[in-house]
Structures are given as C-alpha cells and as structure tokens.
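Enquirer: Following this message is one structure expressed as structure tokens.
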Amino acid sequence: MALWFHETELLKLMQDFYTLTGMRIILFDEHYEELFSYPQKEKTFCFCLRESPEFDQKCRESDARSFGRCKKTGEVHIFKCHAGLTEATAPITENGHIIGYMMFGQVTDNKNKEEFFEEMIELCRTHGVERDMGQAIRKIKYRSEPQLRAAARILDAYVHYVQLKEIVHPSGQLLIDSIDRFLDTHLCEEITVERICREFDISRTRLYDIIRPYTKGGIASYIKRKRLAYAKHLITTTSLSVAEVSDAAGFSDYNYFLRIFKQSYGISCGKLRKKN
C-alpha cells in the first residue's frame, strides 16, 4: 500500500525525537521499504556495512522479523539486529490495518566501549569491509535498558500522534479504491458520512479532501451516482422489478428514485428495460 506523508510535519517530529533520544528514526512502508528518516542517510556504521550485499540482506531479514513481530502483536518491539545493535519498531495502523512502521535504533546496550569496539571490528572483517570503520563504530551511541524502554514508549506515543493528526496515511487513490469497495458492498444500506468516517477511521475534513479530486460534487452526490449506475445495471441485466431495483440500490423513496433516474439518464426505468 503506497503511503502519503506530510513531509514538513513529519520532519519536525523526527527532529524532536532525535533531540530527545539522540537516535535515528525511520519511516517504512508495509513492504519494509525505507521512505523517510532523520538524520537522513549518513555515513553511519550500518550504512557503510550495508554496502556489502551479504550484510544488506541480513539487515533486511532482521528488519522483516521485527516488523513481523509488530504485525503479530500490534505493539512496539525492542530487539537486537543480527549485528548486535539494539533497535525498536512500532506499527502504524489505519482502520485496523498496518500501513507502515516507525523504527529507531542503531545503538548499543553494551557499556564496555572497548569490548564493543572489538566486536564490531571483527564483524567488519567477517563481512570483508576493508575500509577503516573505527570512526563510524565510535559514533555508535550507548543507551541503557531503561533509556531504551523510555524511548520505545515515546515512539509509541509518537506513532499515535502521527495517526491522530493524519501525518501518515495511505495515498488518496488507494483510499478511494477502498471506499469504493465499501460503497459497492453496502449500497442497499443507509450510508452516511459519519459511517464512512468511522469505517475508515478518518475525519470528515480528510474524507472531503480525498473525495474532491476524484469526484464531481460532494460525497452524497458521489454515492447517489454510484447507486444510479448500479440500478441501471440491474435494470438492463436482471429480471428484478423496478421496485426491487430501487431497494437493492439503496433508494428508500421509490418515487424519488423514478424521478432522478429519468433525470440522470433521459429515459424511464420501464422504457430502458424494454429497450434492452
């Protein structure tokens, strides 16, 4: 699912998170592809090592395991990657479905700096990284277990705020497609703006903003056009009575249905059926 995010607002939040924790934070989509981060891709230890195809593949597998755990539990997950660094991931959800993930990390909980340094140097040798990685390793920050747990709680609150303010959400076209499927399934029922907003966990303002570029008029006229199109389909392809078609398309007032159908298509339901 393609994600849309308000880059300016997200950047501000990421900068605030970094100021508080000193840890890099990254936005991923549901397919585990990195979309945005702060600080942006810099020559960190992990960035340099991921130039090794073998190491990069292990990083992706490690991330996927963490995201899979988030997907299963719906909660923040603190873990150690295959390189021994500590990271955490949190799921971003909309309408009960995971649409992406936030991650922080690339830190160590080993307070013995020299021991940690030697472990990372050996890791570099194992993956055939010839360059001098000493400076990059020295930049890896130490965080205690209480600090990591606190940062994870902040990340959880951060993700909820991002969802509440709709800073990250599925792209408009994909959400329109989902709304269309919902409408097609429930056309015979009463459909209100409030019901759609509840179903997709979005505000009225955002619903109107999404609908506007794809429809002529508001959401009510959009639903009416879909009902009329469905009614026309039933009249031309089934033997249902016109009254049954009216009910199936979600029109509670039969006479109103007859009137607007003729206004919209320039022909009555009866004549259209005979014509077909």
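Each chain in the structure tokens gets a letter, A, B, ..., in the order shown, and its residues are numbered from 1; ligands are numbered from 1 in order too.
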Do you know which residues are at most 7 Å from Glu145 of chain A counting only C-alpha atoms, after dropping those on the same chain fewer than 3 positions away, and could you put them as number ranges by chain?
Expert: A: 109, 148-149
Enquirer: How would the residues just chosen look if you wrote them out with C-alpha atoms as a compact mmCIF listing (two decimals), in the first residue's frame?
Expert:
# COMPACT_ATOMS: atom_id res chain seq x y z
CA ASP A 109 23.38 -1.51 25.27
CA LEU A 148 15.65 2.15 25.56
CA ARG A 149 12.34 1.31 27.22
Enquirer: Identify, with DSSP run on backbone atoms, the residues in segment 47-261 of chain A assigned to helix (DSSP H, G or I), and express the list as a count of residues only.
Expert: 131
Enquirer: What lies within 10 Å of segment 182-194 of chain A using only C-alpha atoms, ignoring chain neighbours under 2 positions off, as a PyMOL selection string?
Expert: chain A and resi 176-180+196-204+207-208+219-220+223-224+226-227+230+245-252
Enquirer: Name all residues at most 9 Å from Lys71 of chain A (count only C-alpha atoms; drop same-chain ones fewer than 4 positions away) and give them as a JSON list (two decimals) with C-alpha atoms, in the first residue's frame.
Expert:
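Produced file around-v5.json, reproduced below:
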[["chain", "number", "residue", "atom", "x", "y", "z"],
["A", 66, "SER", "CA", 10.93, -7.22, 13.74],
["A", 67, "PHE", "CA", 8.15, -5.93, 11.51],
["A", 75, "GLU", "CA", 2.82, -3.31, 19.71],
["A", 91, "PRO", "CA", 3.35, -0.34, 13.73],
["A", 98, "ILE", "CA", -0.94, -1.93, 9.39]]
Enquirer: So how far away is atom CA of Lys165 of chain A from atom CA of Arg206 of chain A, in Å?
Expert: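 Here the two named atoms are 10.4 Å from each other.
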Enquirer: Go ahead and compute the interatomic distance for atom CA of Ile154 of chain A and atom CA of Asp16 of chain A, in Å to one decimal.
Expert: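 Between these atoms lies a distance of 11.0 Å.
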Enquirer: Quick one, how far is atom CA of Glu54 of chain A from atom CA of Gly128 of chain A?
Expert: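 So the two atoms, atom CA of Glu54 of chain A and atom CA of Gly128 of chain A, lie 9.9 Å apart.
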Enquirer: For Cys59 of chain A, list every protein, DNA or RNA residue within 8 Å, evaluated using only C-alpha atoms, and leave out those in the same chain fewer than 2 positions away; present the list as JSON, numbers by chain.
Expert: {"A": [50, 55, 56, 57, 61, 62, 63, 81, 82]}
Enquirer: Name the closest residue to Arg125 of chain A among the candidates A:Thr236, A:Ser52, A:Thr205, A:Thr89; distances are taken between atoms, counting only C-alpha atoms.
Expert: A:Ser52
